[in-house]
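Chemist: Compact mmCIF, C-alpha atoms, file query21.txt:
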# COMPACT_ATOMS: atom_id res chain seq x y z
CA MET D 1 -45.41 -23.03 -82.67
CA GLN D 2 -49.05 -23.62 -83.62
CA VAL D 3 -51.54 -24.67 -80.96
CA SER D 4 -54.47 -26.86 -82.02
CA PRO D 5 -57.81 -25.72 -80.56
CA GLY D 6 -58.87 -29.35 -80.19
CA ALA D 7 -62.51 -29.82 -79.14
CA CYS D 8 -63.05 -26.32 -77.73
CA ALA D 9 -64.87 -23.53 -79.55
CA PRO D 10 -62.15 -20.85 -79.54
CA LEU D 11 -62.87 -17.18 -78.90
CA ASN D 12 -60.04 -15.13 -80.38
CA VAL D 13 -60.52 -11.41 -79.67
CA VAL D 14 -58.53 -8.34 -80.66
CA MET D 15 -59.26 -5.10 -78.79
CA LEU D 16 -58.50 -2.08 -80.97
CA GLY D 17 -58.57 1.54 -79.93
CA PRO D 18 -56.29 4.51 -79.19
CA PRO D 19 -54.38 4.96 -75.94
CA GLY D 20 -56.84 5.77 -73.16
CA ALA D 21 -59.85 4.19 -74.87
CA GLY D 22 -60.26 1.66 -72.06
CA LYS D 23 -59.40 -1.39 -74.14
CA GLY D 24 -57.05 -2.73 -71.46
CA THR D 25 -59.76 -2.62 -68.79
CA GLN D 26 -62.33 -4.22 -71.07
CA ALA D 27 -59.84 -6.83 -72.30
CA GLU D 28 -59.10 -7.84 -68.71
CA ARG D 29 -62.78 -8.08 -67.79
CA LEU D 30 -63.64 -10.05 -70.92
CA ALA D 31 -60.74 -12.45 -70.42
CA ARG D 32 -61.77 -13.06 -66.82
CA ARG D 33 -65.42 -13.67 -67.69
CA ARG D 34 -64.62 -15.99 -70.61
CA ARG D 35 -61.71 -17.70 -68.81
CA LEU D 36 -59.19 -16.76 -71.48
CA PRO D 37 -55.66 -15.36 -71.22
CA LYS D 38 -55.46 -11.60 -71.60
CA ILE D 39 -52.35 -10.95 -73.67
CA SER D 40 -51.12 -7.38 -73.39
CA THR D 41 -48.06 -6.41 -75.36
CA GLY D 42 -47.75 -3.41 -73.05
CA ASP D 43 -47.38 -5.72 -70.03
CA ILE D 44 -44.80 -7.84 -71.84
CA LEU D 45 -42.76 -4.79 -72.81
CA ARG D 46 -42.98 -3.27 -69.31
CA GLU D 47 -41.67 -6.53 -67.86
CA ALA D 48 -38.73 -6.30 -70.24
CA VAL D 49 -38.14 -2.66 -69.23
CA GLN D 50 -38.17 -3.56 -65.52
CA ALA D 51 -35.82 -6.50 -66.15
CA GLY D 52 -33.40 -4.19 -67.99
CA THR D 53 -33.08 -6.49 -71.00
CA GLU D 54 -31.69 -5.23 -74.31
CA LEU D 55 -35.24 -5.22 -75.70
CA GLY D 56 -36.50 -3.48 -72.58
CA ILE D 57 -33.96 -0.67 -72.80
CA ALA D 58 -34.72 -0.09 -76.49
CA ALA D 59 -38.47 -0.24 -75.83
CA LYS D 60 -38.18 2.21 -72.92
CA LEU D 61 -36.47 4.85 -75.06
CA THR D 62 -38.98 4.35 -77.86
CA MET D 63 -42.05 4.55 -75.60
CA GLU D 64 -40.78 7.58 -73.65
CA ALA D 65 -40.43 9.41 -76.98
CA GLY D 66 -44.08 8.60 -77.71
CA ASN D 67 -43.23 6.18 -80.53
CA LEU D 68 -44.25 2.56 -81.20
CA VAL D 69 -42.03 -0.52 -80.97
CA SER D 70 -41.11 -2.03 -84.36
CA ASP D 71 -43.38 -4.50 -86.14
CA ASP D 72 -40.87 -7.35 -86.23
CA VAL D 73 -40.27 -7.24 -82.48
CA MET D 74 -43.98 -7.15 -81.67
CA VAL D 75 -44.86 -9.95 -84.12
CA GLY D 76 -42.21 -12.19 -82.56
CA VAL D 77 -43.40 -11.46 -79.01
CA VAL D 78 -47.05 -12.20 -79.85
CA GLU D 79 -46.35 -15.31 -81.91
CA GLU D 80 -44.40 -16.84 -79.05
CA ARG D 81 -47.17 -16.00 -76.58
CA LEU D 82 -49.99 -17.42 -78.72
CA GLY D 83 -48.08 -20.68 -78.98
CA ARG D 84 -48.50 -21.42 -75.27
CA GLU D 85 -50.98 -23.99 -74.03
CA ASP D 86 -53.24 -21.55 -72.17
CA ALA D 87 -54.11 -19.85 -75.48
CA ARG D 88 -55.30 -23.10 -77.08
CA CYS D 89 -59.01 -22.20 -76.75
CA GLY D 90 -58.61 -18.52 -77.50
CA PHE D 91 -57.26 -15.27 -76.15
CA VAL D 92 -57.95 -11.56 -75.73
CA LEU D 93 -55.26 -9.41 -77.35
CA ASP D 94 -54.70 -5.88 -76.04
CA GLY D 95 -52.23 -3.67 -77.92
CA PHE D 96 -51.72 -5.89 -80.96
CA PRO D 97 -51.97 -5.48 -83.87
CA ARG D 98 -51.22 -1.78 -84.21
CA THR D 99 -50.34 -1.76 -87.91
CA VAL D 100 -51.57 -3.52 -91.04
CA VAL D 101 -48.23 -5.35 -91.20
CA GLN D 102 -48.90 -6.77 -87.73
CA ALA D 103 -52.50 -7.60 -88.66
CA THR D 104 -51.34 -9.53 -91.71
CA ALA D 105 -48.91 -11.48 -89.51
CA LEU D 106 -51.71 -12.21 -87.02
CA ASP D 107 -53.90 -13.58 -89.81
CA ARG D 108 -51.11 -16.00 -90.61
CA MET D 109 -50.90 -17.03 -86.95
CA MET D 110 -54.65 -17.71 -86.94
CA ASP D 111 -54.40 -20.52 -89.49
CA GLY D 112 -56.22 -23.49 -87.94
CA ARG D 113 -57.24 -21.54 -84.80
CA GLY D 114 -60.71 -20.30 -85.79
CA SER D 115 -61.96 -16.82 -86.64
CA LEU D 116 -60.76 -13.54 -85.21
CA VAL D 117 -63.23 -11.16 -83.52
CA VAL D 118 -62.19 -7.50 -83.68
CA LEU D 119 -63.68 -4.97 -81.24
CA ASP D 120 -62.83 -1.32 -81.96
CA MET D 121 -63.15 1.03 -78.97
CA VAL D 122 -64.21 4.48 -80.21
CA VAL D 123 -63.61 7.56 -77.97
CA PRO D 124 -63.34 11.29 -78.92
CA GLU D 125 -59.78 12.62 -78.91
CA GLU D 126 -60.30 15.33 -76.27
CA VAL D 127 -61.74 12.72 -73.90
CA LEU D 128 -58.66 10.59 -74.50
CA VAL D 129 -56.32 13.49 -73.68
CA ARG D 130 -58.14 14.16 -70.39
CA ARG D 131 -58.08 10.50 -69.46
CA LEU D 132 -54.42 9.96 -70.29
CA ALA D 133 -53.09 13.15 -68.73
CA GLY D 134 -54.56 12.06 -65.37
CA ARG D 135 -53.70 8.37 -65.60
CA ARG D 136 -51.61 6.66 -62.92
CA ILE D 137 -49.85 3.32 -62.92
CA CYS D 138 -48.21 1.19 -60.25
CA ALA D 139 -44.50 1.99 -59.97
CA ARG D 140 -43.79 -1.64 -59.11
CA CYS D 141 -45.87 -3.81 -61.49
CA GLY D 142 -47.16 -1.34 -64.08
CA ALA D 143 -50.88 -2.00 -63.47
CA ASN D 144 -53.23 0.89 -64.33
CA ALA D 145 -55.06 2.57 -61.47
CA THR D 146 -58.83 2.08 -61.66
CA PRO D 147 -61.49 4.64 -60.61
CA GLU D 148 -61.90 2.84 -57.28
CA SER D 149 -58.13 2.61 -56.63
CA GLN D 150 -56.64 4.06 -53.46
CA GLU D 151 -53.03 5.17 -53.10
CA ALA D 152 -51.61 1.64 -53.25
CA CYS D 153 -51.89 -0.91 -56.05
CA GLY D 154 -54.48 -3.59 -55.40
CA ARG D 155 -52.36 -6.18 -57.22
CA CYS D 156 -48.96 -5.80 -55.52
CA GLY D 157 -49.25 -2.93 -53.00
CA GLY D 158 -46.88 -0.62 -54.89
CA PRO D 159 -47.43 3.16 -55.07
CA TYR D 160 -49.23 4.78 -57.99
CA VAL D 161 -47.29 7.31 -60.07
CA MET D 162 -47.91 9.31 -63.23
CA ARG D 163 -46.75 7.55 -66.38
CA VAL D 164 -43.64 9.07 -67.97
CA ASP D 165 -45.32 8.87 -71.39
CA ASP D 166 -48.60 10.50 -70.26
CA GLY D 167 -47.64 14.19 -70.32
CA VAL D 168 -50.12 16.22 -72.38
CA GLU D 169 -47.73 16.89 -75.28
CA ILE D 170 -46.56 13.29 -75.41
CA VAL D 171 -50.18 12.13 -75.20
CA ARG D 172 -51.09 14.23 -78.23
CA GLU D 173 -48.08 12.89 -80.12
CA ARG D 174 -49.04 9.31 -79.26
CA LEU D 175 -52.55 9.93 -80.58
CA LYS D 176 -51.15 11.37 -83.81
CA ILE D 177 -49.00 8.27 -84.23
CA TYR D 178 -51.98 6.06 -83.50
CA HIS D 179 -54.15 7.73 -86.12
CA ARG D 180 -51.36 7.67 -88.70
CA GLN D 181 -50.23 4.07 -88.21
CA SER D 182 -53.11 2.21 -86.59
CA MET D 183 -56.33 3.68 -87.94
CA PRO D 184 -55.82 1.84 -91.28
CA LEU D 185 -56.58 -1.28 -89.22
CA VAL D 186 -60.23 -0.24 -89.17
CA ASP D 187 -60.23 -0.28 -92.96
CA TYR D 188 -58.41 -3.62 -92.91
CA TYR D 189 -60.93 -5.27 -90.57
CA SER D 190 -64.20 -3.37 -90.99
CA ALA D 191 -65.57 -5.44 -93.88
CA ARG D 192 -65.30 -8.65 -91.86
CA PRO D 193 -68.49 -10.06 -90.31
CA THR D 194 -66.69 -10.39 -86.96
CA PHE D 195 -65.79 -6.68 -86.71
CA ARG D 196 -67.66 -4.57 -84.13
CA ALA D 197 -67.33 -0.88 -83.16
CA ILE D 198 -67.87 -0.17 -79.44
CA ASP D 199 -68.69 3.27 -77.96
CA GLY D 200 -65.98 3.60 -75.33
CA ASN D 201 -67.12 7.04 -74.13
CA GLN D 202 -69.40 5.51 -71.50
CA PRO D 203 -69.03 4.20 -67.93
CA PRO D 204 -66.98 0.95 -67.82
CA GLU D 205 -69.98 -1.19 -66.86
CA VAL D 206 -71.96 0.12 -69.85
CA VAL D 207 -69.03 -0.55 -72.17
CA MET D 208 -68.73 -4.06 -70.75
CA ALA D 209 -72.39 -4.73 -71.55
CA ALA D 210 -71.84 -3.42 -75.09
CA VAL D 211 -68.90 -5.81 -75.52
CA ASP D 212 -71.06 -8.75 -74.41
CA SER D 213 -73.85 -7.67 -76.77
CA ALA D 214 -71.38 -7.44 -79.64
CA LEU D 215 -70.11 -10.96 -78.99
CA ALA D 216 -73.52 -12.58 -78.40
CA PRO D 217 -74.59 -12.89 -82.08
CA LEU D 218 -71.31 -14.58 -82.89
CA GLY D 219 -72.06 -17.49 -80.55
CA LYS D 220 -68.42 -17.74 -79.52
CA GLY D 221 -66.58 -18.92 -76.45
CA ALA D 222 -67.47 -20.24 -73.03
CA PRO D 223 -70.62 -18.93 -71.29
CA LEU D 224 -70.32 -15.91 -69.00
What is this structure when it is put down as structure tokens?
Modeler:
Amino acid sequence: MQVSPGACAPLNVVMLGPPGAGKGTQAERLARRRRLPKISTGDILREAVQAGTELGIAAKLTMEAGNLVSDDVMVGVVEERLGREDARCGFVLDGFPRTVVQATALDRMMDGRGSLVVLDMVVPEEVLVRRLAGRRICARCGANATPESQEACGRCGGPYVMRVDDGVEIVRERLKIYHRQSMPLVDYYSARPTFRAIDGNQPPEVVMAAVDSALAPLGKGAPL
């Protein structure tokens, strides 16, 4: 299903970056400030895991092994989500695309929806390992703990636990997979005038300002 942007000036953003780069946090903040839906394939897959669906069971085994869910499944999930009314004037995508195959499919989905802005979060690998090995998520809703989080989730009140797929060895394997399968996306997108690299090895507020600065010359989306 294709959604017409109508009279709005759409802001369609993809947040790229390895696990632990902070793209989820920045995607959520950007979506809130620009009044756009934040579409996280990780959230969609975790919902399926919690619901115990066939897709959820398969995704759980794949993610626990440190691997990525197949292209065809992810393309179908995202295409359905972008067809909803709340994405008519744009979106912020977190976790998609991860491969050039997915990026090519997203380009097809963008027909008639305006341009695609790609923000690549860049963080040194050893920083990523430290971040991921200490990361906690809510056992109930899957939300990531933030630096200011206490023992209970601010969204649903559930307890924070270590992620099953955030052990040091699994973290390193996930980063290897990312570099092998997803880094070609930088080559795919980098020649586009709407591609921006963001230094993610800074405090979240500084990264947020860098995201806003990167978007400002493009003149896209609703005011902050």
Chemist: For a cutoff of 10 Å around the file-coordinate point (-49.5, 16.3, -72.4), which residues qualify once you count all atoms listed in the file? I'd like the result as a PDB file with C-alpha atoms, in the coordinates of the input.
Modeler:
ATOM      1  CA  VAL D 129     -56.320  13.490 -73.680  1.00  0.00           C
ATOM      2  CA  ARG D 130     -58.140  14.160 -70.390  1.00  0.00           C
ATOM      3  CA  LEU D 132     -54.420   9.960 -70.290  1.00  0.00           C
ATOM      4  CA  ALA D 133     -53.090  13.150 -68.730  1.00  0.00           C
ATOM      5  CA  GLY D 134     -54.560  12.060 -65.370  1.00  0.00           C
ATOM      6  CA  ASP D 165     -45.320   8.870 -71.390  1.00  0.00           C
ATOM      7  CA  ASP D 166     -48.600  10.500 -70.260  1.00  0.00           C
ATOM      8  CA  GLY D 167     -47.640  14.190 -70.320  1.00  0.00           C
ATOM      9  CA  VAL D 168     -50.120  16.220 -72.380  1.00  0.00           C
ATOM     10  CA  GLU D 169     -47.730  16.890 -75.280  1.00  0.00           C
ATOM     11  CA  ILE D 170     -46.560  13.290 -75.410  1.00  0.00           C
ATOM     12  CA  VAL D 171     -50.180  12.130 -75.200  1.00  0.00           C
ATOM     13  CA  ARG D 172     -51.090  14.230 -78.230  1.00  0.00           C
ATOM     14  CA  GLU D 173     -48.080  12.890 -80.120  1.00  0.00           C
ATOM     15  CA  ARG D 174     -49.040   9.310 -79.260  1.00  0.00           C
TER      16      ARG D 174
END
Chemist: For a quick check of understanding, using only C-alpha atoms, which of D:Val69, D:Ala21, D:Ala214, D:Val14 has the smallest distance to Gly90 (chain D)?
Modeler: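 Between D:Val69, D:Ala21, D:Ala214, D:Val14, the residue approaching Gly90 (chain D) most closely is D:Val14.
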Chemist: Around (-61.7, -0.6, -69.6) in the file's frame, which residues reach within 9 Å when counting only C-alpha atoms? Return as an MDAnalysis selection string?
Modeler: chainID D and resid 20:29 146 200 203:205 207:208
Chemist: Closest to Gly83 (chain D) among D:Met15, D:Arg180, D:Met110, D:Val117, using only C-alpha atoms?
Modeler: D:Met110
Chemist: Which neighbours of Ile177 (chain D) fall inside 12 Å, counting all atoms listed in the file, when residues of the same chain fewer than 5 positions from it are skipped, and could you give them as a ChimeraX atom specification?
Modeler: /D:18-19,63,65-69,98-99,170-172,182-184
Chemist: Rounded to one decimal place, report the CA of Phe195 (chain D)-CA of Arg81 (chain D) distance in Å.
Modeler: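 Computing it gives 23.2 Å between the two atoms.
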Chemist: Out of D:Ile57, D:Val161, D:Val122, D:Leu36, which residue has the shortest atom-to-atom distance to Leu82 (chain D) when counting only C-alpha atoms?
Modeler: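 Distance minimum relative to Leu82 (chain D) lands on D:Leu36.
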Chemist: Of the candidates D:Gly95, D:Pro124, D:Pro193, D:Gly112, which shows the shortest atom-to-atom distance to Leu45 (chain D), using all atoms listed in the file?
Modeler: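 For Leu45 (chain D), the nearest of the candidates is D:Gly95.
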Chemist: Need the shell around Ala210 (chain D): protein/DNA/RNA residues with any atom at most 12 Å away, counting all atoms listed in the file. Skip same-chain ones fewer than 5 positions apart. Format as an mmCIF file with C-alpha atoms, in the frame of the given file?
Modeler:
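Result written to part-v8.cif:
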data_model
loop_
_atom_site.group_PDB
_atom_site.id
_atom_site.type_symbol
_atom_site.label_atom_id
_atom_site.label_comp_id
_atom_site.auth_asym_id
_atom_site.auth_seq_id
_atom_site.Cartn_x
_atom_site.Cartn_y
_atom_site.Cartn_z
ATOM 1 C CA GLN D 26 -62.330 -4.220 -71.070
ATOM 2 C CA LEU D 30 -63.640 -10.050 -70.920
ATOM 3 C CA LEU D 119 -63.680 -4.970 -81.240
ATOM 4 C CA ASP D 120 -62.830 -1.320 -81.960
ATOM 5 C CA MET D 121 -63.150 1.030 -78.970
ATOM 6 C CA ARG D 196 -67.660 -4.570 -84.130
ATOM 7 C CA ALA D 197 -67.330 -0.880 -83.160
ATOM 8 C CA ILE D 198 -67.870 -0.170 -79.440
ATOM 9 C CA ASP D 199 -68.690 3.270 -77.960
ATOM 10 C CA GLY D 200 -65.980 3.600 -75.330
ATOM 11 C CA ASN D 201 -67.120 7.040 -74.130
ATOM 12 C CA GLN D 202 -69.400 5.510 -71.500
ATOM 13 C CA PRO D 203 -69.030 4.200 -67.930
ATOM 14 C CA PRO D 204 -66.980 0.950 -67.820
ATOM 15 C CA GLU D 205 -69.980 -1.190 -66.860
ATOM 16 C CA LEU D 215 -70.110 -10.960 -78.990
ATOM 17 C CA ALA D 216 -73.520 -12.580 -78.400
#
Chemist: If we count only C-alpha atoms, what is near Arg46 (chain D) at a cut-off of 8 Å, once residues fewer than 4 positions away on the same chain are taken out, given as a list of chain:residue names?
Modeler: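 My list of contacting residues is D:Gly42, D:Gln50, D:Gly56, D:Gly142.
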Chemist: What does the distance from CA of Ala139 (chain D) to CA of Ala51 (chain D) come to in Å, to one decimal?
Modeler: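 Computing the Euclidean distance for CA of Ala139 (chain D) and CA of Ala51 (chain D) yields 13.6 Å.
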Chemist: Measuring atom to atom with all atoms listed in the file, identify which of D:Val101, D:Cys153, D:Ser213, D:Phe96 is nearest to Gly17 (chain D).
Modeler: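 Residue with the minimum atom-to-atom distance to Gly17 (chain D): D:Phe96.
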